[in-house]
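One file, entry01.txt, carrying compact mmCIF, C-alpha atoms:
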# COMPACT_ATOMS: atom_id res chain seq x y z
CA MET A 1449 15.63 3.63 -47.24
CA ALA A 1450 13.99 6.54 -45.47
CA SER A 1451 14.16 9.88 -47.22
CA LEU A 1452 16.41 12.66 -46.02
CA ARG A 1453 13.52 14.66 -44.67
CA ASP A 1454 12.11 11.68 -42.71
CA ILE A 1455 15.41 11.13 -40.99
CA GLN A 1456 15.73 14.83 -40.25
CA THR A 1457 12.30 14.85 -38.59
CA ARG A 1458 13.15 11.86 -36.44
CA ILE A 1459 16.41 13.45 -35.32
CA THR A 1460 14.63 16.64 -34.28
CA SER A 1461 11.91 14.82 -32.35
CA THR A 1462 14.38 12.53 -30.58
CA LYS A 1463 16.42 15.57 -29.61
CA LYS A 1464 13.34 17.18 -28.07
CA THR A 1465 12.51 14.00 -26.15
CA SER A 1466 16.03 13.84 -24.80
CA GLN A 1467 15.76 17.44 -23.62
CA ILE A 1468 12.63 16.55 -21.68
CA THR A 1469 14.10 13.42 -20.11
CA LYS A 1470 17.24 15.36 -19.23
CA ALA A 1471 15.16 18.00 -17.48
CA MET A 1472 13.14 15.36 -15.63
CA GLN A 1473 16.35 13.72 -14.53
CA MET A 1474 17.63 16.96 -13.05
CA VAL A 1475 14.32 17.67 -11.31
CA SER A 1476 14.36 14.18 -9.77
CA ALA A 1477 17.96 14.65 -8.67
CA SER A 1478 17.07 17.77 -6.71
CA LYS A 1479 13.94 16.14 -5.29
CA LEU A 1480 16.00 13.14 -4.26
CA ASN A 1481 18.34 15.46 -2.41
CA ARG A 1482 15.50 16.94 -0.43
CA ALA A 1483 13.86 13.58 0.19
CA GLU A 1484 17.13 12.33 1.62
CA THR A 1485 17.33 15.32 3.93
CA ASN A 1486 13.75 14.68 5.08
CA ALA A 1487 14.46 11.04 5.74
CA LYS A 1488 17.53 12.05 7.71
CA SER A 1489 15.70 14.56 9.89
CA PHE A 1490 13.20 11.83 10.77
CA VAL A 1491 15.91 9.49 12.07
CA PRO A 1492 16.38 11.05 15.53
CA TYR A 1493 12.62 10.87 16.22
CA MET A 1494 12.44 7.24 15.09
CA ASN A 1495 15.48 6.20 17.11
CA LYS A 1496 14.19 7.85 20.22
CA ILE A 1497 10.70 6.44 20.01
CA GLN A 1498 12.09 2.99 19.31
CA GLU A 1499 14.34 3.23 22.33
CA VAL A 1500 11.50 4.19 24.64
CA VAL A 1501 9.09 1.60 23.22
CA ALA A 1502 11.72 -1.11 23.54
CA SER A 1503 12.57 -0.20 27.10
CA ILE A 1504 8.93 -0.21 28.16
CA ALA A 1505 7.66 -3.17 26.18
CA LEU A 1506 10.71 -5.35 26.76
CA GLY A 1507 11.70 -3.98 30.13
CA SER A 1508 8.57 -4.78 32.05
CA LYS A 1509 7.21 -8.19 31.25
CA ASP A 1510 3.88 -7.79 32.94
CA VAL A 1511 2.68 -4.97 30.66
CA THR A 1512 0.37 -5.86 27.84
CA HIS A 1513 -1.47 -3.91 25.22
CA PRO A 1514 -3.75 -5.09 22.39
CA MET A 1515 -1.23 -3.87 19.84
CA LEU A 1516 1.51 -6.07 21.28
CA VAL A 1517 -0.50 -9.28 21.20
CA SER A 1518 -0.78 -11.54 18.16
CA ARG A 1519 -4.33 -12.71 17.69
CA PRO A 1520 -5.60 -15.43 15.36
CA VAL A 1521 -5.40 -14.07 11.86
CA LYS A 1522 -8.72 -13.94 10.07
CA LYS A 1523 -7.87 -11.05 7.82
CA THR A 1524 -4.59 -9.57 6.71
CA GLY A 1525 -3.99 -5.96 5.79
CA TYR A 1526 -1.53 -4.94 3.12
CA LEU A 1527 -0.30 -1.37 3.06
CA VAL A 1528 1.24 -0.69 -0.33
CA ILE A 1529 3.33 2.41 -0.87
CA THR A 1530 3.76 3.38 -4.50
CA SER A 1531 4.09 6.62 -6.43
CA ASP A 1532 1.37 8.65 -8.12
CA ARG A 1533 3.09 8.88 -11.45
CA GLY A 1534 4.95 6.47 -13.66
CA LEU A 1535 8.17 7.04 -15.58
CA ALA A 1536 10.12 5.73 -12.64
CA GLY A 1537 11.56 2.57 -14.15
CA ALA A 1538 10.74 -0.60 -12.28
CA TYR A 1539 9.96 1.24 -9.04
CA ASN A 1540 6.21 0.60 -8.93
CA SER A 1541 6.10 -2.67 -10.82
CA SER A 1542 8.59 -4.41 -8.56
CA ILE A 1543 6.67 -3.45 -5.42
CA LEU A 1544 3.31 -4.43 -6.91
CA ARG A 1545 4.64 -7.69 -8.31
CA SER A 1546 5.95 -8.65 -4.91
CA VAL A 1547 2.68 -7.86 -3.07
CA TYR A 1548 0.49 -9.49 -5.65
CA LYS A 1549 2.56 -12.66 -5.65
CA LYS A 1550 2.39 -12.85 -1.87
CA ILE A 1551 -1.36 -12.27 -1.85
CA GLN A 1552 -1.95 -15.02 -4.39
CA GLU A 1553 0.30 -17.40 -2.52
CA ARG A 1554 -1.24 -16.78 0.84
CA HIS A 1555 -4.93 -16.27 0.20
CA THR A 1556 -7.57 -18.15 -1.67
CA SER A 1557 -10.49 -15.79 -1.22
CA LYS A 1558 -10.91 -12.04 -1.28
CA ASP A 1559 -12.37 -12.08 2.21
CA GLU A 1560 -9.02 -12.91 3.71
CA TYR A 1561 -7.26 -9.66 3.02
CA VAL A 1562 -7.68 -5.95 2.48
CA VAL A 1563 -5.46 -3.49 0.69
CA ILE A 1564 -4.60 0.05 1.69
CA ALA A 1565 -3.01 1.98 -1.12
CA LEU A 1566 -0.73 4.96 -0.76
CA GLY A 1567 -0.21 6.25 -4.28
CA ARG A 1568 -2.29 6.22 -7.45
CA VAL A 1569 -0.35 3.53 -9.30
CA GLY A 1570 -0.93 1.00 -6.53
CA ARG A 1571 -4.62 1.85 -6.21
CA ASP A 1572 -5.21 1.51 -9.94
CA PHE A 1573 -3.25 -1.72 -10.10
CA PHE A 1574 -5.52 -3.38 -7.56
CA ARG A 1575 -8.63 -1.81 -9.00
CA ALA A 1576 -7.79 -3.32 -12.40
CA ARG A 1577 -7.69 -6.71 -10.69
CA GLY A 1578 -11.02 -6.21 -8.99
CA ILE A 1579 -9.63 -5.42 -5.56
CA GLU A 1580 -10.85 -2.09 -4.27
CA ALA A 1581 -8.51 -0.58 -1.66
CA ILE A 1582 -10.40 0.09 1.59
CA GLU A 1583 -8.39 3.24 2.11
CA SER A 1584 -6.31 5.10 -0.41
CA VAL A 1585 -4.45 8.35 -0.65
CA THR A 1586 -3.27 9.91 -3.87
CA GLY A 1587 -1.67 13.20 -4.70
CA LEU A 1588 0.76 13.25 -1.80
CA PRO A 1589 3.37 15.97 -2.20
CA ASP A 1590 6.94 15.03 -3.11
CA GLN A 1591 8.10 16.10 0.31
CA PRO A 1592 5.30 14.91 2.58
CA SER A 1593 5.23 16.38 6.07
CA PHE A 1594 3.84 14.37 8.94
CA ALA A 1595 0.66 16.46 8.91
CA ASP A 1596 -0.01 15.40 5.29
CA VAL A 1597 -0.20 11.72 6.14
CA LYS A 1598 -1.46 11.89 9.71
CA GLU A 1599 -5.04 11.04 8.72
CA ILE A 1600 -4.36 7.91 6.69
CA VAL A 1601 -1.70 6.67 9.07
CA ARG A 1602 -3.98 7.06 12.06
CA LYS A 1603 -6.79 5.32 10.22
CA THR A 1604 -4.53 2.42 9.34
CA VAL A 1605 -3.67 1.92 12.99
CA ASP A 1606 -7.29 2.38 14.07
CA LEU A 1607 -8.51 -0.27 11.63
CA PHE A 1608 -6.24 -2.74 13.38
CA SER A 1609 -7.54 -1.76 16.80
CA GLU A 1610 -11.11 -2.07 15.55
CA GLY A 1611 -10.36 -5.58 14.36
CA VAL A 1612 -10.84 -4.98 10.63
CA TYR A 1613 -7.57 -6.87 10.13
CA ASP A 1614 -5.49 -8.89 12.54
CA GLU A 1615 -2.09 -8.19 11.07
CA LEU A 1616 -0.67 -5.53 8.84
CA TYR A 1617 2.17 -5.82 6.38
CA MET A 1618 3.75 -2.87 4.70
CA TYR A 1619 5.29 -3.04 1.24
CA TYR A 1620 7.60 -0.25 0.16
CA SER A 1621 10.86 0.39 -1.55
CA HIS A 1622 13.83 0.89 0.71
CA PHE A 1623 16.34 3.48 -0.45
CA VAL A 1624 19.84 2.00 -0.36
CA ASN A 1625 21.58 4.49 -2.63
CA ALA A 1626 20.87 6.39 -5.82
CA ILE A 1627 21.14 3.29 -7.98
CA GLN A 1628 19.81 0.64 -5.64
CA GLN A 1629 16.36 0.40 -4.07
CA ASP A 1630 15.07 -2.80 -2.50
CA VAL A 1631 11.47 -3.86 -2.11
CA THR A 1632 10.97 -4.32 1.60
CA VAL A 1633 8.24 -6.07 3.55
CA LYS A 1634 7.68 -5.08 7.13
CA LYS A 1635 5.19 -6.38 9.61
CA VAL A 1636 3.82 -3.30 11.31
CA LEU A 1637 1.06 -4.70 13.48
CA PRO A 1638 0.89 -6.38 15.90
CA LEU A 1639 4.13 -4.94 17.23
CA THR A 1640 5.85 -8.22 17.93
CA GLU A 1641 9.11 -7.35 16.23
CA ILE A 1642 10.30 -4.50 18.39
CA GLU A 1643 14.05 -4.31 18.07
CA SER A 1644 16.04 -3.41 21.08
CA THR A 1645 18.44 -0.62 20.16
CA GLY A 1646 21.22 -1.71 22.47
CA GLY A 1647 21.83 -2.21 26.13
CA ARG A 1648 20.59 1.20 27.26
CA LEU A 1649 17.41 -0.08 28.81
CA SER A 1650 16.93 2.25 31.72
CA SER A 1651 14.16 1.47 34.15
CA TYR A 1652 11.62 4.24 34.11
CA GLU A 1653 9.00 5.43 36.45
CA PHE A 1654 5.67 5.65 34.72
CA GLU A 1655 3.39 8.56 35.20
CA PRO A 1656 0.56 7.59 35.64
CA SER A 1657 1.09 3.91 34.65
CA ALA A 1658 2.84 1.79 32.05
CA GLU A 1659 -0.46 0.73 30.46
CA GLU A 1660 -1.60 4.27 29.98
CA ILE A 1661 1.71 5.26 28.46
CA LEU A 1662 1.56 2.37 26.01
CA GLU A 1663 -1.89 3.58 25.10
CA VAL A 1664 -0.35 6.81 23.79
CA LEU A 1665 3.03 5.49 22.79
CA LEU A 1666 2.23 2.43 20.68
CA PRO A 1667 -0.13 4.09 18.17
CA GLN A 1668 2.40 6.88 17.83
CA TYR A 1669 5.12 4.31 17.27
CA ALA A 1670 3.15 2.43 14.63
CA GLU A 1671 2.30 5.70 12.92
CA SER A 1672 5.92 6.72 12.79
CA LEU A 1673 6.91 3.33 11.37
CA ILE A 1674 4.55 3.95 8.47
CA TYR A 1675 5.62 7.55 8.03
CA GLY A 1676 9.26 6.46 7.99
CA ALA A 1677 8.51 3.92 5.27
CA LEU A 1678 6.74 6.59 3.25
CA LEU A 1679 9.76 8.90 3.42
CA ASP A 1680 11.98 6.00 2.47
CA GLY A 1681 9.66 5.19 -0.44
CA LYS A 1682 9.68 8.79 -1.65
CA ALA A 1683 13.47 8.86 -1.70
CA SER A 1684 13.47 5.59 -3.65
CA GLU A 1685 10.90 6.93 -6.08
CA HIS A 1686 12.98 9.97 -6.93
CA ALA A 1687 16.12 7.87 -7.21
CA ALA A 1688 14.39 5.35 -9.47
CA ARG A 1689 12.99 8.11 -11.65
CA MET A 1690 16.38 9.77 -11.87
CA THR A 1691 18.02 6.55 -13.04
CA ALA A 1692 15.21 5.82 -15.50
CA MET A 1693 15.48 9.29 -17.00
CA GLN A 1694 19.26 9.05 -17.13
CA ASN A 1695 18.88 5.84 -19.17
CA ALA A 1696 16.29 7.43 -21.40
CA THR A 1697 18.59 10.37 -22.09
CA ASP A 1698 21.48 8.03 -22.88
CA ASN A 1699 19.32 5.97 -25.22
CA ALA A 1700 18.12 9.09 -27.00
CA LYS A 1701 21.72 10.21 -27.52
CA GLU A 1702 22.61 6.81 -28.97
CA LEU A 1703 19.59 6.98 -31.26
CA ILE A 1704 20.50 10.47 -32.44
CA ARG A 1705 24.05 9.32 -33.20
CA ASN A 1706 22.79 6.43 -35.34
CA LEU A 1707 20.23 8.59 -37.12
CA THR A 1708 22.83 11.26 -37.90
CA LEU A 1709 25.04 8.57 -39.40
CA GLN A 1710 22.14 7.33 -41.49
CA TYR A 1711 21.29 10.88 -42.53
CA ASN A 1712 24.85 11.57 -43.69
CA ARG A 1713 24.95 8.32 -45.63
CA ALA A 1714 21.68 9.14 -47.35
CA ARG A 1715 22.92 12.64 -48.14
CA GLN A 1716 26.15 11.23 -49.59
CA ALA A 1717 24.19 8.72 -51.66
CA ALA A 1718 21.93 11.47 -53.01
CA ILE A 1719 24.96 13.58 -54.05
CA THR A 1720 26.67 10.62 -55.69
CA GLN A 1721 23.51 9.84 -57.57
CA GLU A 1722 23.17 13.41 -58.76
CA ILE A 1723 26.79 13.46 -60.03
CA THR A 1724 26.28 10.17 -61.83
CA GLU A 1725 23.16 11.57 -63.49
CA ILE A 1726 24.97 14.73 -64.61
CA VAL A 1727 27.96 12.78 -65.89
CA GLY A 1728 25.61 10.34 -67.64
CA GLY A 1729 23.70 13.24 -69.19
CA ALA A 1730 26.87 14.93 -70.41
CA ALA A 1731 28.17 11.67 -71.90
CA ALA A 1732 24.90 11.19 -73.77
CA LEU A 1733 25.29 14.67 -75.38
CA GLU A 1734 28.75 13.93 -76.82
CA MET B 578 22.88 26.01 38.76
CA LYS B 579 22.94 22.61 37.14
CA THR B 580 21.35 22.45 33.74
CA LEU B 581 19.81 19.63 31.78
CA ASN B 582 19.62 19.04 28.07
CA VAL B 583 16.23 19.37 26.42
CA ASN B 584 15.50 17.79 23.10
CA ILE B 585 12.19 18.24 21.32
CA VAL B 586 11.86 16.01 18.27
CA THR B 587 9.00 15.63 15.78
CA PRO B 588 8.67 13.43 12.69
CA ASP B 589 9.63 16.48 10.61
CA GLY B 590 12.91 16.90 12.44
CA PRO B 591 14.33 18.23 15.70
CA VAL B 592 12.75 21.46 16.93
CA ILE B 593 14.89 22.36 19.92
CA ASP B 594 18.11 21.09 21.40
CA THR B 595 19.26 23.26 24.27
CA ASN B 596 20.33 23.41 27.92
CA VAL B 597 17.90 24.72 30.51
CA GLU B 598 17.44 24.80 34.26
CA LEU B 599 13.81 23.82 34.41
CA VAL B 600 11.32 22.19 32.10
CA SER B 601 7.68 22.65 32.87
CA ALA B 602 5.16 20.57 30.94
CA LYS B 603 1.53 19.53 31.16
CA ALA B 604 1.38 15.76 31.50
CA GLN B 605 -1.94 13.94 31.35
CA SER B 606 -1.79 13.49 35.08
CA GLY B 607 -1.02 17.16 35.73
CA GLU B 608 1.67 19.79 35.56
CA LEU B 609 5.26 18.54 35.80
CA GLY B 610 8.37 20.52 36.68
CA ILE B 611 11.65 18.81 35.89
CA MET B 612 15.12 19.86 36.96
CA ALA B 613 18.51 18.18 36.62
CA GLY B 614 18.85 14.91 38.52
CA HIS B 615 15.23 13.85 38.11
CA VAL B 616 14.34 10.17 38.38
CA PRO B 617 14.05 8.46 34.95
CA MET B 618 10.43 8.75 33.91
CA VAL B 619 8.05 8.54 30.98
CA ALA B 620 4.77 10.46 30.82
CA PRO B 621 2.26 11.22 28.09
CA LEU B 622 1.64 14.91 27.47
CA GLN B 623 -1.50 16.92 26.93
CA ILE B 624 -1.89 19.38 24.13
CA GLY B 625 -0.31 22.40 25.73
CA ALA B 626 2.72 24.58 26.20
CA VAL B 627 6.10 23.46 27.44
CA ARG B 628 8.04 26.13 29.28
CA LEU B 629 11.82 26.04 29.18
CA VAL B 630 13.48 28.16 31.84
CA THR B 631 17.08 29.09 31.24
CA GLY B 632 19.38 31.00 33.58
CA GLY B 633 18.38 34.52 34.62
CA LYS B 634 14.67 33.69 34.76
CA GLN B 635 14.38 33.79 31.00
CA SER B 636 11.86 31.37 29.64
CA GLU B 637 10.66 30.19 26.29
CA LEU B 638 7.35 28.60 25.35
CA VAL B 639 6.95 25.76 22.88
CA ALA B 640 3.55 24.60 21.64
CA ILE B 641 3.21 20.80 21.80
CA SER B 642 0.39 18.87 20.12
CA GLY B 643 0.36 15.71 22.20
CA GLY B 644 3.11 13.15 22.49
CA PHE B 645 5.17 12.13 25.46
CA LEU B 646 8.11 13.05 27.59
CA GLU B 647 11.08 10.95 28.56
CA VAL B 648 13.22 12.01 31.49
CA ARG B 649 16.73 10.95 32.39
CA PRO B 650 18.86 12.52 35.11
CA ASP B 651 20.63 14.87 32.69
CA GLN B 652 18.29 14.85 29.74
CA VAL B 653 14.68 15.45 28.80
CA THR B 654 13.36 14.27 25.45
CA ILE B 655 9.94 15.29 24.20
CA LEU B 656 8.56 13.25 21.33
CA ALA B 657 5.66 15.12 19.80
CA GLN B 658 3.73 14.79 16.56
CA ALA B 659 4.03 18.54 16.11
CA ALA B 660 5.88 21.22 18.04
CA GLU B 661 6.53 24.87 17.32
CA ARG B 662 8.50 27.59 19.04
CA ALA B 663 6.50 30.74 19.68
CA GLU B 664 8.16 32.68 16.85
CA ASN B 665 7.54 29.92 14.29
CA ILE B 666 3.81 29.67 14.80
CA ASP B 667 1.69 30.43 11.77
CA VAL B 668 -0.89 32.69 13.39
CA SER B 669 -3.21 33.05 10.43
CA ARG B 670 -3.34 29.28 9.97
CA ALA B 671 -4.02 28.69 13.65
CA THR B 672 -6.75 31.35 13.70
CA GLU B 673 -8.34 29.78 10.65
CA ALA B 674 -8.16 26.30 12.24
CA GLN B 675 -9.70 27.64 15.42
CA ARG B 676 -12.57 29.25 13.52
CA ARG B 677 -13.20 26.08 11.49
CA ALA B 678 -13.15 23.87 14.58
CA GLU B 679 -15.54 26.14 16.43
CA GLN B 680 -17.90 26.09 13.49
CA ARG B 681 -17.84 22.30 13.44
CA LEU B 682 -18.58 22.16 17.13
CA GLN B 683 -21.57 24.43 16.58
CA ASN B 684 -23.36 22.17 14.14
CA LYS B 685 -23.00 18.91 16.05
CA GLN B 686 -22.99 15.88 13.82
CA ASP B 687 -21.87 12.40 14.73
CA ASN B 688 -19.55 11.54 17.57
CA ILE B 689 -16.20 11.09 15.82
CA ASP B 690 -16.33 14.42 14.07
CA PHE B 691 -17.10 16.07 17.35
CA LYS B 692 -14.07 14.59 19.06
CA ARG B 693 -11.78 15.51 16.21
CA ALA B 694 -13.02 19.05 16.06
CA GLU B 695 -12.52 19.40 19.78
CA LEU B 696 -8.91 18.23 19.50
CA ALA B 697 -8.32 20.55 16.55
CA LEU B 698 -9.74 23.44 18.54
CA ARG B 699 -7.46 22.68 21.48
CA ARG B 700 -4.40 22.51 19.24
CA ALA B 701 -5.24 25.79 17.53
CA THR B 702 -5.99 27.58 20.79
CA ASN B 703 -2.79 26.25 22.29
CA ARG B 704 -0.76 27.59 19.36
CA LEU B 705 -2.35 31.01 19.63
CA ASN B 706 -1.79 31.13 23.39
CA VAL B 707 1.85 30.19 23.03
CA HIS B 708 2.30 32.80 20.36
CA GLN B 709 0.95 35.46 22.71
CA GLY B 710 3.19 34.19 25.51
CA LYS B 711 0.32 32.92 27.66
CA LEU B 712 0.52 29.63 29.47

Can the structure from this file be put into structure tokens for me?
Amino acid sequence: MASLRDIQTRITSTKKTSQITKAMQMVSASKLNRAETNAKSFVPYMNKIQEVVASIALGSKDVTHPMLVSRPVKKTGYLVITSDRGLAGAYNSSILRSVYKKIQERHTSKDEYVVIALGRVGRDFFRARGIEAIESVTGLPDQPSFADVKEIVRKTVDLFSEGVYDELYMYYSHFVNAIQQDVTVKKVLPLTEIESTGGRLSSYEFEPSAEEILEVLLPQYAESLIYGALLDGKASEHAARMTAMQNATDNAKELIRNLTLQYNRARQAAITQEITEIVGGAAALE
Amino acid sequence: MKTLNVNIVTPDGPVIDTNVELVSAKAQSGELGIMAGHVPMVAPLQIGAVRLVTGGKQSELVAISGGFLEVRPDQVTILAQAAERAENIDVSRATEAQRRAEQRLQNKQDNIDFKRAELALRRATNRLNVHQGKL
């Protein structure tokens, strides 16, 4: 049995750990709050752009644009959105597991796909498996503004236009609520899955022409799809970290309870032993 | 006079939602003036200022960094990647960006950098102009 002092040390250190996890949980809770607000303020922009894209792309059949056309797939792009830091439960591992499984199922050689990594964990995961991400961004702030990700997002869309890959899938974690986040796969490019947002398809006049508008509109639409997923992913990350830290705090409490019990038992045993020794000693004197 | 609703939205949230009499914007094909009852239309915008004229000849300028404009008879929506009202413009940042872009244009390197610097310069200049109330 461990000595009294050993148990005491373990109790103290567990208590300190639980203080840290508790603090991290509260930090994540407040970050989650702000991430949710950010995601909400993005919704009107997304809805509007979707509405306009749908009414142009679906409304006039004779308009085409390279980004709307599926071409034979020689190379697939995977955009993987993860966090920079760990301690977020299964957040990163479930995304990465899902991408990696898909890649292994679908491709036999490394020439058939490329990876773009948003977040350090994802980049390092692929690096450890000998796949170097062609583009990666790390150190994004917890509340990314559109300006922070403009560069990478634009590059991702450009790489498609330049023909580096012929389709682009995006893997991220969709925020359902504070305790549920789902790994989501979305085909970003080509834009064949434009959802119509209802029957409000008004017929527009185009100034100067539908093609030229699509030229501006579609990259902007694809960029906002990615930005939206990033905001969604950030909210999920904070939620996942909050839950993980909550569990850690609970486990620490349980551990402290058990250790305290053990400590008291050991203390009791030591006292009993001392009394027995004294009584034994006194009896020997008589 | 009849008014129309103007909505300027960016990925970072809505910037303006208000009622005005006239919206004046620089489209890629030229200057556009839109009043209530306009034909439904979509047009891409240049980097430039959007002027919102409310009753009594009062007007407000908003700096727009590209994007496009959607018009319906009673509503105008501007979807921009960045938009700021004159009073929200960070002057020191814009001045700094302008200086940096000019410097890059001076020492000409390859083509892509040149184009990007030019766009950055136009955005910065636009912000500064809007801040000073110039069109």

What are the closest atom pairs, with distances in Å to one decimal, for each residue of chain A lying within 9 Å of chain B, using all atoms listed in the file, rows by chain and rising residue number, as CSV?
residue,atom,partner,partner_atom,distance
A:Asn1486,CA,B:Asp589,CA,7.1
A:Ala1487,CA,B:Asp589,CA,8.8
A:Lys1488,CA,B:Gly590,CA,8.2
A:Ser1489,CA,B:Gly590,CA,4.4
A:Phe1490,CA,B:Pro588,CA,5.2
A:Val1491,CA,B:Gly590,CA,8.0
A:Pro1492,CA,B:Val586,CA,7.2
A:Tyr1493,CA,B:Val586,CA,5.6
A:Met1494,CA,B:Pro588,CA,7.6
A:Lys1496,CA,B:Leu656,CA,7.9
A:Ile1497,CA,B:Leu656,CA,7.3
A:Val1500,CA,B:Glu647,CA,7.8
A:Ser1593,CA,B:Asp589,CA,6.3
A:Phe1594,CA,B:Pro588,CA,6.2
A:Ala1595,CA,B:Ala659,CA,8.2
A:Ser1650,CA,B:Pro617,CA,7.6
A:Ser1651,CA,B:Pro617,CA,7.0
A:Tyr1652,CA,B:Met618,CA,4.7
A:Glu1653,CA,B:Met618,CA,4.4
A:Phe1654,CA,B:Val619,CA,5.3
A:Glu1655,CA,B:Ala620,CA,5.0
A:Pro1656,CA,B:Ser606,CA,6.4
A:Ser1657,CA,B:Ala620,CA,8.4
A:Ala1658,CA,B:Val619,CA,8.6
A:Glu1660,CA,B:Pro621,CA,8.2
A:Ile1661,CA,B:Pro621,CA,6.0
A:Val1664,CA,B:Pro621,CA,6.7
A:Leu1665,CA,B:Phe645,CA,7.5
A:Gln1668,CA,B:Gly644,CA,7.8
A:Ser1672,CA,B:Pro588,CA,7.3
A:Tyr1675,CA,B:Pro588,CA,8.1
A:Gly1676,CA,B:Pro588,CA,8.4

Can those selected residues be exported to a file as a compact mmCIF listing (two decimals), in the coordinates of the input so that it contains C-alpha atoms?
# COMPACT_ATOMS: atom_id res chain seq x y z
CA ASN A 1486 13.75 14.68 5.08
CA ALA A 1487 14.46 11.04 5.74
CA LYS A 1488 17.53 12.05 7.71
CA SER A 1489 15.70 14.56 9.89
CA PHE A 1490 13.20 11.83 10.77
CA VAL A 1491 15.91 9.49 12.07
CA PRO A 1492 16.38 11.05 15.53
CA TYR A 1493 12.62 10.87 16.22
CA MET A 1494 12.44 7.24 15.09
CA LYS A 1496 14.19 7.85 20.22
CA ILE A 1497 10.70 6.44 20.01
CA VAL A 1500 11.50 4.19 24.64
CA SER A 1593 5.23 16.38 6.07
CA PHE A 1594 3.84 14.37 8.94
CA ALA A 1595 0.66 16.46 8.91
CA SER A 1650 16.93 2.25 31.72
CA SER A 1651 14.16 1.47 34.15
CA TYR A 1652 11.62 4.24 34.11
CA GLU A 1653 9.00 5.43 36.45
CA PHE A 1654 5.67 5.65 34.72
CA GLU A 1655 3.39 8.56 35.20
CA PRO A 1656 0.56 7.59 35.64
CA SER A 1657 1.09 3.91 34.65
CA ALA A 1658 2.84 1.79 32.05
CA GLU A 1660 -1.60 4.27 29.98
CA ILE A 1661 1.71 5.26 28.46
CA VAL A 1664 -0.35 6.81 23.79
CA LEU A 1665 3.03 5.49 22.79
CA GLN A 1668 2.40 6.88 17.83
CA SER A 1672 5.92 6.72 12.79
CA TYR A 1675 5.62 7.55 8.03
CA GLY A 1676 9.26 6.46 7.99

- Message: Give me, as a ChimeraX atom specification, all polymer residues having an atom no more than 12 Å from Gln635 (chain B), counting only C-alpha atoms and skipping those fewer than 4 positions away in the same chain.
- Response: /B:597-599,628-631

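Between CA of Ser636 (chain B) and CA of Asn665 (chain B) lies a distance of 16.0 Å.
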
- Can you list, as a VMD selection string, every protein, DNA or RNA residue that comes within 9 Å of Leu1662 (chain A) when you count only C-alpha atoms, leaving out same-chain residues fewer than 3 positions away? chain A and resid 1501 1504 to 1505 1511 to 1513 1657 to 1659 1665 to 1667

- Of the residues A:Asn1481, A:Thr1586, A:Ser1546, A:Thr1469, which is the one nearest to Met1618 (chain A), using all atoms listed in the file? A:Ser1546

Specify the axis-aligned box that encloses all atoms of region 1568-1586 of chain A listed in the file after padding of 6 Å on each side, stating its centre and edge lengths in Å to one decimal as lines of an AutoDock Vina configuration file.
center_x = -5.7
center_y = 1.6
center_z = -5.1
size_x = 22.7
size_y = 28.6
size_z = 26.5

- CA of Ala660 (chain B) to CA of Thr1604 (chain A), straight-line distance in Å: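 Going from CA of Thr1604 (chain A) over to CA of Ala660 (chain B), I get 23.2 Å.
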
- Fewer than 3 positions away in the same chain doesn't count, so skip those; otherwise give me all residues within 7 Å of region 1686-1690 of chain A, counting all atoms listed in the file, as number ranges by chain. A: 1473, 1476-1477, 1479-1480, 1535-1537, 1539, 1626-1627, 1682-1683, 1693-1694

- Message: As an exercise, work out the distance from CA of Ser1584 (chain A) to CA of Gly1567 (chain A) in Å and give it to one decimal place.
- Response: 7.3 Å

- Query: Which is closer to Phe1573 (chain A) than all the others in A:Gln1591, A:Leu1707, A:Gln1552, A:Val1528, using all atoms listed in the file?
  - Reply: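 Closest to Phe1573 (chain A) of all the choices is A:Val1528.
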
- Spatial neighbours of region 1454-1464 of chain A, 9 Å, all atoms listed in the file, chain gap at least 5 places, as a list in words: Thr1469, Ala1700, Lys1701, Leu1703, Ile1704, Arg1705, Leu1707, Thr1708, Gln1710 and Tyr1711 of chain A

- Using all atoms listed in the file, which residues sit within 10 Å of Val1636 (chain A) once same-chain residues fewer than 6 positions away are excluded, as a ChimeraX atom specification? /A:1515,1525-1527,1605,1615-1618,1642,1669-1671,1673-1674
